[in-house]
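This is protein_11.txt. It holds compact mmCIF, C-alpha atoms.
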```txt
# COMPACT_ATOMS: atom_id res chain seq x y z
CA MET A 1 -58.78 -68.75 -71.62
CA GLU A 2 -57.16 -69.61 -74.95
CA ARG A 3 -55.30 -66.75 -76.60
CA LYS A 4 -56.55 -65.93 -80.07
CA THR A 5 -53.93 -65.52 -82.75
CA ASN A 6 -53.47 -61.91 -83.84
CA ARG A 7 -51.68 -62.05 -87.17
CA LEU A 8 -50.94 -58.31 -87.03
CA TYR A 9 -48.33 -58.97 -84.37
CA LYS A 10 -46.58 -61.81 -86.16
CA SER A 11 -42.99 -60.72 -86.96
CA ARG A 12 -44.04 -57.16 -86.29
CA LEU A 13 -40.85 -56.31 -84.38
CA PHE A 14 -38.69 -57.00 -87.43
CA VAL A 15 -41.02 -54.96 -89.65
CA MET A 16 -41.13 -52.09 -87.18
CA ILE A 17 -37.33 -51.89 -87.00
CA PHE A 18 -36.86 -51.97 -90.77
CA GLU A 19 -39.72 -49.64 -91.65
CA ASP A 20 -37.20 -47.00 -90.66
CA LYS A 21 -35.78 -45.95 -94.03
CA LYS A 22 -32.25 -45.62 -92.69
CA ASN A 23 -32.28 -49.20 -91.36
CA LEU A 24 -33.93 -50.56 -94.49
CA LEU A 25 -31.44 -48.86 -96.81
CA GLU A 26 -28.61 -50.36 -94.76
CA LEU A 27 -30.22 -53.79 -95.10
CA TYR A 28 -30.83 -53.32 -98.83
CA ASN A 29 -27.19 -52.35 -99.39
CA ALA A 30 -26.00 -55.35 -97.36
CA VAL A 31 -28.12 -57.78 -99.36
CA SER A 32 -27.63 -56.27 -102.80
CA GLY A 33 -24.03 -55.11 -102.57
CA LYS A 34 -25.10 -51.58 -103.49
CA ASN A 35 -23.89 -48.46 -101.71
CA TYR A 36 -26.83 -46.04 -101.70
CA THR A 37 -26.59 -43.29 -99.11
CA ASP A 38 -29.90 -41.40 -99.32
CA PRO A 39 -32.72 -43.16 -97.41
CA GLU A 40 -35.29 -40.96 -99.13
CA LEU A 41 -34.65 -42.88 -102.34
CA LEU A 42 -36.70 -45.69 -100.81
CA GLU A 43 -40.44 -45.96 -101.13
CA ILE A 44 -41.69 -48.38 -98.48
CA SER A 45 -44.98 -50.17 -98.03
CA THR A 46 -46.02 -53.21 -96.02
CA LEU A 47 -48.28 -56.12 -96.83
CA GLU A 48 -49.22 -58.25 -93.82
CA ASN A 49 -45.84 -59.10 -92.25
CA ALA A 50 -43.78 -58.40 -95.38
CA ILE A 51 -41.92 -55.25 -96.37
CA TYR A 52 -41.78 -54.33 -100.00
CA MET A 53 -40.00 -51.38 -101.48
CA SER A 54 -39.10 -49.64 -104.68
CA MET A 55 -36.08 -47.40 -105.09
CA LYS A 56 -35.95 -44.19 -107.03
CA ASN A 57 -33.01 -44.09 -109.35
CA ASP A 58 -30.65 -41.49 -107.88
CA LEU A 59 -29.81 -40.11 -111.33
CA SER A 60 -33.07 -40.00 -113.27
CA PHE A 61 -35.44 -39.93 -110.28
CA LEU A 62 -37.65 -42.45 -111.98
CA ILE A 63 -38.83 -45.54 -110.15
CA ASP A 64 -35.92 -47.92 -110.45
CA ALA A 65 -37.08 -51.03 -112.31
CA ARG A 66 -36.79 -53.16 -109.21
CA LEU A 67 -39.17 -54.30 -106.51
CA SER A 68 -37.82 -55.94 -103.36
CA LEU A 69 -40.05 -58.06 -101.14
CA TYR A 70 -38.63 -58.93 -97.73
CA GLU A 71 -40.25 -61.17 -95.16
CA HIS A 72 -39.18 -62.28 -91.72
CA GLN A 73 -39.96 -65.83 -90.62
CA SER A 74 -39.31 -67.70 -87.38
CA THR A 75 -40.96 -70.84 -88.76
CA TYR A 76 -39.67 -72.54 -91.91
CA SER A 77 -42.29 -73.23 -94.57
CA PRO A 78 -41.75 -74.65 -98.08
CA ASN A 79 -44.89 -72.74 -99.16
CA LEU A 80 -43.29 -69.30 -98.99
CA PRO A 81 -42.75 -69.04 -102.79
CA LEU A 82 -46.51 -69.44 -103.27
CA ARG A 83 -47.18 -66.77 -100.66
CA PHE A 84 -44.75 -64.41 -102.41
CA LEU A 85 -46.52 -65.07 -105.71
CA LEU A 86 -49.81 -64.00 -104.13
CA TYR A 87 -48.14 -60.91 -102.63
CA LEU A 88 -46.69 -60.03 -106.02
CA ALA A 89 -50.06 -60.39 -107.77
CA ASP A 90 -51.57 -57.93 -105.29
CA LEU A 91 -48.70 -55.48 -105.72
CA LEU A 92 -48.71 -55.56 -109.52
CA SER A 93 -52.46 -55.19 -109.52
CA GLY A 94 -52.05 -51.97 -107.56
CA LEU A 95 -49.12 -50.71 -109.64
CA THR A 96 -51.00 -51.19 -112.92
CA ARG A 97 -54.39 -50.04 -111.66
CA ASN A 98 -54.49 -47.07 -114.05
CA ASP A 99 -52.90 -48.84 -117.03
CA ASN A 100 -54.70 -50.33 -120.00
CA LEU A 101 -53.85 -54.02 -119.73
CA TYR A 102 -55.67 -54.70 -123.02
CA GLY A 103 -53.89 -52.00 -125.01
CA ARG A 104 -51.10 -52.28 -127.57
CA LYS A 105 -48.68 -50.23 -125.48
CA LYS A 106 -46.30 -52.32 -123.41
CA ILE A 107 -46.70 -51.81 -119.67
CA ILE A 108 -43.38 -51.69 -117.87
CA ILE A 109 -43.27 -53.49 -114.52
CA PRO A 110 -40.40 -53.79 -112.03
CA PRO A 111 -38.63 -57.15 -111.83
CA PRO A 112 -39.13 -58.48 -108.30
CA GLY A 113 -36.69 -59.96 -105.83
CA PHE A 114 -37.75 -62.10 -102.88
CA ILE A 115 -35.87 -62.56 -99.61
CA ILE A 116 -36.79 -64.34 -96.38
CA PHE A 117 -34.91 -63.42 -93.22
CA TYR A 118 -35.15 -66.59 -91.15
CA ASN A 119 -34.37 -66.80 -87.44
CA GLY A 120 -36.25 -69.91 -86.33
CA GLU A 121 -34.86 -72.59 -84.02
CA GLU A 122 -35.00 -75.32 -86.68
CA GLU A 123 -31.53 -75.80 -88.16
CA GLN A 124 -31.18 -74.23 -91.61
CA PRO A 125 -28.17 -73.36 -93.81
CA ASP A 126 -26.88 -69.81 -94.22
CA ARG A 127 -28.52 -69.55 -97.64
CA LYS A 128 -31.23 -71.60 -99.28
CA ILE A 129 -33.24 -71.20 -102.48
CA LEU A 130 -36.95 -72.06 -102.30
CA LYS A 131 -38.70 -72.56 -105.64
CA LEU A 132 -42.34 -72.35 -106.63
CA SER A 133 -41.76 -75.35 -108.92
CA ASP A 134 -40.94 -77.49 -105.89
CA LEU A 135 -44.65 -77.29 -105.06
CA TYR A 136 -45.88 -78.50 -108.47
CA GLY A 137 -47.76 -81.78 -108.40
CA ALA A 138 -46.75 -82.77 -111.93
CA GLU A 139 -43.31 -83.17 -113.51
CA GLU A 140 -42.37 -80.70 -116.25
CA LYS A 141 -39.34 -80.55 -118.52
CA GLU A 142 -39.49 -76.76 -118.46
CA HIS A 143 -41.42 -74.66 -115.96
CA ARG A 144 -43.61 -71.99 -117.54
CA LEU A 145 -43.88 -70.21 -114.22
CA GLU A 146 -41.06 -70.11 -111.71
CA LEU A 147 -40.42 -67.98 -108.64
CA GLU A 148 -37.27 -68.26 -106.55
CA VAL A 149 -36.95 -67.02 -103.00
CA LEU A 150 -33.64 -66.56 -101.21
CA MET A 151 -33.82 -67.56 -97.56
CA LEU A 152 -31.08 -66.08 -95.38
CA ASN A 153 -30.46 -67.48 -91.92
CA ILE A 154 -30.03 -64.50 -89.58
CA ASN A 155 -29.51 -66.40 -86.36
CA THR A 156 -26.37 -65.50 -84.43
CA GLY A 157 -23.35 -67.21 -85.98
CA HIS A 158 -24.81 -67.38 -89.50
CA ASN A 159 -24.03 -65.22 -92.56
CA PRO A 160 -21.18 -63.27 -90.93
CA GLU A 161 -20.53 -61.11 -94.00
CA LEU A 162 -24.19 -60.05 -94.16
CA MET A 163 -24.19 -59.27 -90.44
CA LYS A 164 -21.01 -57.26 -90.82
CA ALA A 165 -22.61 -55.22 -93.59
CA SER A 166 -25.82 -54.55 -91.60
CA HIS A 167 -25.19 -53.82 -87.95
CA THR A 168 -28.95 -53.34 -87.37
CA LEU A 169 -29.65 -56.86 -88.59
CA ARG A 170 -26.80 -58.18 -86.45
CA GLU A 171 -28.18 -56.40 -83.39
CA TYR A 172 -31.70 -57.68 -84.07
CA ALA A 173 -30.31 -61.23 -84.21
CA GLU A 174 -28.42 -60.64 -80.95
CA TYR A 175 -31.54 -59.33 -79.21
CA THR A 176 -33.82 -62.19 -80.34
CA GLY A 177 -31.11 -64.70 -79.49
CA ARG A 178 -30.95 -63.39 -75.93
CA VAL A 179 -34.72 -63.52 -75.55
CA ARG A 180 -34.70 -67.20 -76.54
CA LYS A 181 -31.76 -67.99 -74.29
CA TYR A 182 -33.24 -66.37 -71.19
CA ALA A 183 -36.71 -67.79 -71.90
CA ARG A 184 -35.25 -71.25 -71.25
CA GLU A 185 -34.26 -70.12 -67.79
CA MET A 186 -37.13 -67.87 -66.65
CA PRO A 187 -40.69 -66.77 -67.56
CA ILE A 188 -40.87 -65.08 -70.96
CA ALA A 189 -41.85 -61.65 -69.60
CA GLU A 190 -38.76 -61.65 -67.35
CA ALA A 191 -36.59 -62.95 -70.20
CA VAL A 192 -37.68 -60.12 -72.50
CA GLU A 193 -37.19 -57.54 -69.76
CA GLN A 194 -33.66 -58.79 -69.09
CA ALA A 195 -32.80 -58.88 -72.82
CA ILE A 196 -34.07 -55.32 -73.33
CA THR A 197 -32.21 -53.99 -70.27
CA GLU A 198 -28.94 -55.63 -71.31
CA CYS A 199 -29.20 -54.57 -74.94
CA ILE A 200 -29.87 -50.92 -74.05
CA ARG A 201 -26.93 -50.98 -71.62
CA GLU A 202 -24.64 -52.54 -74.24
CA GLY A 203 -25.81 -50.33 -77.12
CA ILE A 204 -27.65 -53.09 -78.99
CA LEU A 205 -30.71 -51.62 -80.76
CA LYS A 206 -30.35 -48.94 -78.09
CA ASP A 207 -32.22 -46.08 -79.80
CA PHE A 208 -35.05 -48.31 -81.00
CA LEU A 209 -35.55 -50.06 -77.66
CA GLU A 210 -35.43 -46.84 -75.66
CA LYS A 211 -38.07 -45.22 -77.87
CA ASN A 212 -40.30 -48.29 -78.19
CA GLN A 213 -39.59 -50.27 -75.02
CA ALA A 214 -43.20 -51.09 -74.05
CA GLU A 215 -44.24 -52.08 -77.56
CA ALA A 216 -41.05 -54.05 -78.17
CA LYS A 217 -41.64 -56.01 -74.97
CA LYS A 218 -45.25 -56.77 -75.92
CA MET A 219 -44.26 -57.86 -79.42
CA SER A 220 -41.38 -60.03 -78.21
CA ILE A 221 -43.57 -61.85 -75.70
CA TYR A 222 -46.27 -62.44 -78.29
CA GLU A 223 -43.85 -63.62 -80.96
CA TYR A 224 -42.11 -66.02 -78.59
CA ASP A 225 -45.45 -67.42 -77.40
CA GLN A 226 -46.63 -67.81 -80.99
CA GLU A 227 -43.40 -69.52 -82.01
CA LYS A 228 -43.69 -71.86 -79.01
CA HIS A 229 -47.33 -72.59 -79.86
CA LEU A 230 -46.47 -73.51 -83.46
CA ARG A 231 -43.61 -75.72 -82.28
CA GLN A 232 -45.93 -77.54 -79.87
CA GLU A 233 -48.49 -78.01 -82.63
CA ARG A 234 -45.83 -79.66 -84.80
CA GLU A 235 -44.76 -81.87 -81.91
CA ASP A 236 -48.39 -82.84 -81.20
CA ALA A 237 -48.94 -83.65 -84.88
CA TRP A 238 -45.81 -85.83 -84.86
CA GLU A 239 -47.02 -87.64 -81.75
CA ASP A 240 -50.49 -88.15 -83.29
CA GLY A 241 -48.85 -89.57 -86.40
CA ARG A 242 -46.67 -91.90 -84.31
CA ILE A 243 -49.69 -93.19 -82.38
CA GLU A 244 -51.68 -93.61 -85.57
CA GLY A 245 -48.78 -95.52 -87.09
CA GLU A 246 -48.61 -97.83 -84.09
CA ARG A 247 -52.33 -98.47 -84.33
CA ALA A 248 -52.06 -99.24 -88.03
CA GLY A 249 -49.22 -101.65 -87.29
CA GLU A 250 -51.24 -103.45 -84.63
CA LYS A 251 -54.20 -103.67 -86.99
CA ASN A 252 -52.09 -105.14 -89.79
CA LYS A 253 -50.62 -107.66 -87.37
CA LEU A 254 -54.12 -108.70 -86.29
CA LYS A 255 -55.26 -109.00 -89.91
CA GLU A 256 -52.31 -111.27 -90.68
CA GLN A 257 -53.25 -113.51 -87.73
CA ILE A 258 -56.85 -113.65 -88.97
CA ARG A 259 -55.69 -114.53 -92.49
CA LYS A 260 -53.69 -117.46 -91.14
CA LYS A 261 -56.61 -118.68 -89.04
CA LEU A 262 -58.97 -118.47 -92.00
CA ALA A 263 -56.50 -120.51 -94.05
CA LYS A 264 -56.81 -123.23 -91.40
CA GLY A 265 -60.58 -123.20 -91.74
CA LYS A 266 -61.38 -121.45 -88.47
CA SER A 267 -64.77 -119.73 -88.12
CA VAL A 268 -65.33 -116.11 -87.09
CA SER A 269 -66.35 -117.11 -83.56
CA GLU A 270 -63.35 -119.43 -83.21
CA ILE A 271 -60.92 -116.73 -84.40
CA ALA A 272 -62.50 -114.19 -82.04
CA ASP A 273 -62.07 -116.62 -79.15
CA ILE A 274 -58.46 -117.43 -80.00
CA LEU A 275 -57.42 -113.78 -80.51
CA GLU A 276 -59.61 -112.51 -77.66
CA GLU A 277 -61.41 -109.97 -79.86
CA GLU A 278 -65.06 -109.15 -80.47
CA GLU A 279 -66.68 -111.11 -83.31
CA THR A 280 -67.79 -107.82 -84.93
CA THR A 281 -64.15 -106.64 -85.00
CA ILE A 282 -62.99 -109.91 -86.55
CA GLN A 283 -65.74 -109.76 -89.19
CA GLU A 284 -64.87 -106.15 -90.11
CA LEU A 285 -61.22 -107.11 -90.60
CA ILE A 286 -62.20 -110.17 -92.65
CA ASP A 287 -64.27 -107.87 -94.88
CA GLU A 288 -61.24 -105.60 -95.32
CA LEU A 289 -59.08 -108.60 -96.24
CA LYS A 290 -61.62 -109.57 -98.92
CA LYS A 291 -61.59 -106.06 -100.38
CA GLU A 292 -57.78 -106.05 -100.48
CA LYS A 293 -57.86 -109.19 -102.62
CA VAL A 294 -60.20 -107.58 -105.17
```

Starting from the coordinates I provided, produce the structure as structure tokens.
Amino acid sequence: MERKTNRLYKSRLFVMIFEDKKNLLELYNAVSGKNYTDPELLEISTLENAIYMSMKNDLSFLIDARLSLYEHQSTYSPNLPLRFLLYLADLLSGLTRNDNLYGRKKIIIPPPGFIIFYNGEEEQPDRKILKLSDLYGAEEKEHRLELEVLMLNINTGHNPELMKASHTLREYAEYTGRVRKYAREMPIAEAVEQAITECIREGILKDFLEKNQAEAKKMSIYEYDQEKHLRQEREDAWEDGRIEGERAGEKNKLKEQIRKKLAKGKSVSEIADILEEEETTIQELIDELKKEKV
């Protein structure tokens, strides 16, 4: 029976690890270069598989005028800036719910920052900027609306300074890397079990995995299966495109042969006989040739 996609599990392991305020503050400091020490300064919420947070200013205890939106992705997509724009619209709608948007008083909103933590198998650079304007269908000299997303590659061996600054992120990358490695050698359930056992023994995500071992195993199996499914879909689409291209090439070759035969005054039946095709097929292609001339 075909497994139905449950979007609630997508990237859930990453979100679950970093919903812990201590881990998220460590990640925030690593990304921003800040050095906050009090996890309670963070206010955390989640939206689908994204984490967004605001930080209370540690001096004035007002909401710091910043909003960070983090998302984990194991599949690269150029459409992520658009998705972040939709996330942001939802968030700002909630933040300004009690404000008078039609009034004369200026409503203060936090400037947002957008980061993707990427650990897919497709090769990507350490850092990459994705822009909303890259999706525009018309050229503009100046974009009236722009949104930039920083994509950070968190696979093992990438962004060493970031990994050094956030040991939790480094350990997450090590764990997921082992799951992938062992899954090439054994069934996924066994691969996850081996990765979890080794990581606990070696102190990698030890506390998290010990407390959440059953759920972590379930999530890891699902996420790997989902990632594999998406990869196979892309491969199938490529194969379909290749076959379609071959068919189009054969059709164009046949049309060229028909054109030459017509130029020599051959009839439909004669061309069909020479090319060993049905007369209806030859007539359809002749009709297409006529339309192309118009």

Selection: 12 Å around stretch 260-265 of chain A, all atoms listed in the file, excl. self and same-chain fewer than 2 positions, as a short mmCIF file (atom, residue, chain, number, x, y, z; two decimals) with C-alpha atoms, in the coordinates of the input:
```
data_model
loop_
_atom_site.label_atom_id
_atom_site.label_comp_id
_atom_site.auth_asym_id
_atom_site.auth_seq_id
_atom_site.Cartn_x
_atom_site.Cartn_y
_atom_site.Cartn_z
CA LYS A 253 -50.62 -107.66 -87.37
CA LEU A 254 -54.12 -108.70 -86.29
CA LYS A 255 -55.26 -109.00 -89.91
CA GLU A 256 -52.31 -111.27 -90.68
CA GLN A 257 -53.25 -113.51 -87.73
CA ILE A 258 -56.85 -113.65 -88.97
CA SER A 267 -64.77 -119.73 -88.12
CA VAL A 268 -65.33 -116.11 -87.09
CA SER A 269 -66.35 -117.11 -83.56
CA GLU A 270 -63.35 -119.43 -83.21
CA ILE A 271 -60.92 -116.73 -84.40
CA ALA A 272 -62.50 -114.19 -82.04
CA ASP A 273 -62.07 -116.62 -79.15
CA ILE A 274 -58.46 -117.43 -80.00
CA LEU A 275 -57.42 -113.78 -80.51
CA ILE A 282 -62.99 -109.91 -86.55
CA GLN A 283 -65.74 -109.76 -89.19
CA LEU A 285 -61.22 -107.11 -90.60
CA ILE A 286 -62.20 -110.17 -92.65
CA LEU A 289 -59.08 -108.60 -96.24
CA LYS A 290 -61.62 -109.57 -98.92
#
```

Have a look at atom CA of A:Leu27 and atom CA of A:Leu150 and let me know their distance in Å, one decimal.
14.6 Å

Determine the nearest neighbour of A:Pro187 from the options A:Ile221, A:Asn159, A:Leu85, A:Leu41, counting all atoms listed in the file.
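Once distances to A:Pro187 are computed over all atoms listed in the file, the minimum belongs to A:Ile221.
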
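If you look at atom CA of A:His158 and atom CA of A:Tyr172, they are 13.1 Å away from each other.
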
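Considering all atoms listed in the file, the residue among A:Ile109, A:Asn153, A:Lys217, A:Ile44 positioned nearest to A:Leu169 is A:Asn153.
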
So how many Å separate atom CA of A:Tyr52 and atom CA of A:Asp90, to one decimal?
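Between these atoms lies a distance of 11.7 Å.
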
Within 9 Å of A:Glu19, counting all atoms listed in the file, which residues show up once you throw out same-chain ones fewer than 5 positions away? Write them as a ChimeraX atom specification, please.
/A:14,24,44-46,51

Which residues are close to A:Leu147, i.e. within 8 Å by all atoms listed in the file, leaving aside same-chain residues fewer than 4 positions away? Reply as an MDAnalysis selection string.
chainID A and resid 81 85 131:133

Pick from A:Thr197, A:Ser166, A:Ser77, A:Asn212: nearest to A:Val179, with only C-alpha atoms counted?
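Ranking A:Thr197, A:Ser166, A:Ser77, A:Asn212 by distance to A:Val179, first place goes to A:Thr197.
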
With all atoms listed in the file as the atoms that count, which of A:Thr156, A:Thr168, A:Gln73, A:Gln124 lies nearest to A:Asp20?
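The shortest atom-to-atom distance to A:Asp20 comes from A:Thr168.
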
In terms of only C-alpha atoms, the residue from A:Glu193, A:Glu198, A:Tyr175, A:Leu135 at minimal distance from A:Gln213 is A:Glu193

Taking all atoms listed in the file into account, name the residue in A:Lys21, A:Arg83, A:Arg127, A:Lys211 that is nearest to A:Ile196.
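Ranked by minimum distance to A:Ile196, first place goes to A:Lys211.
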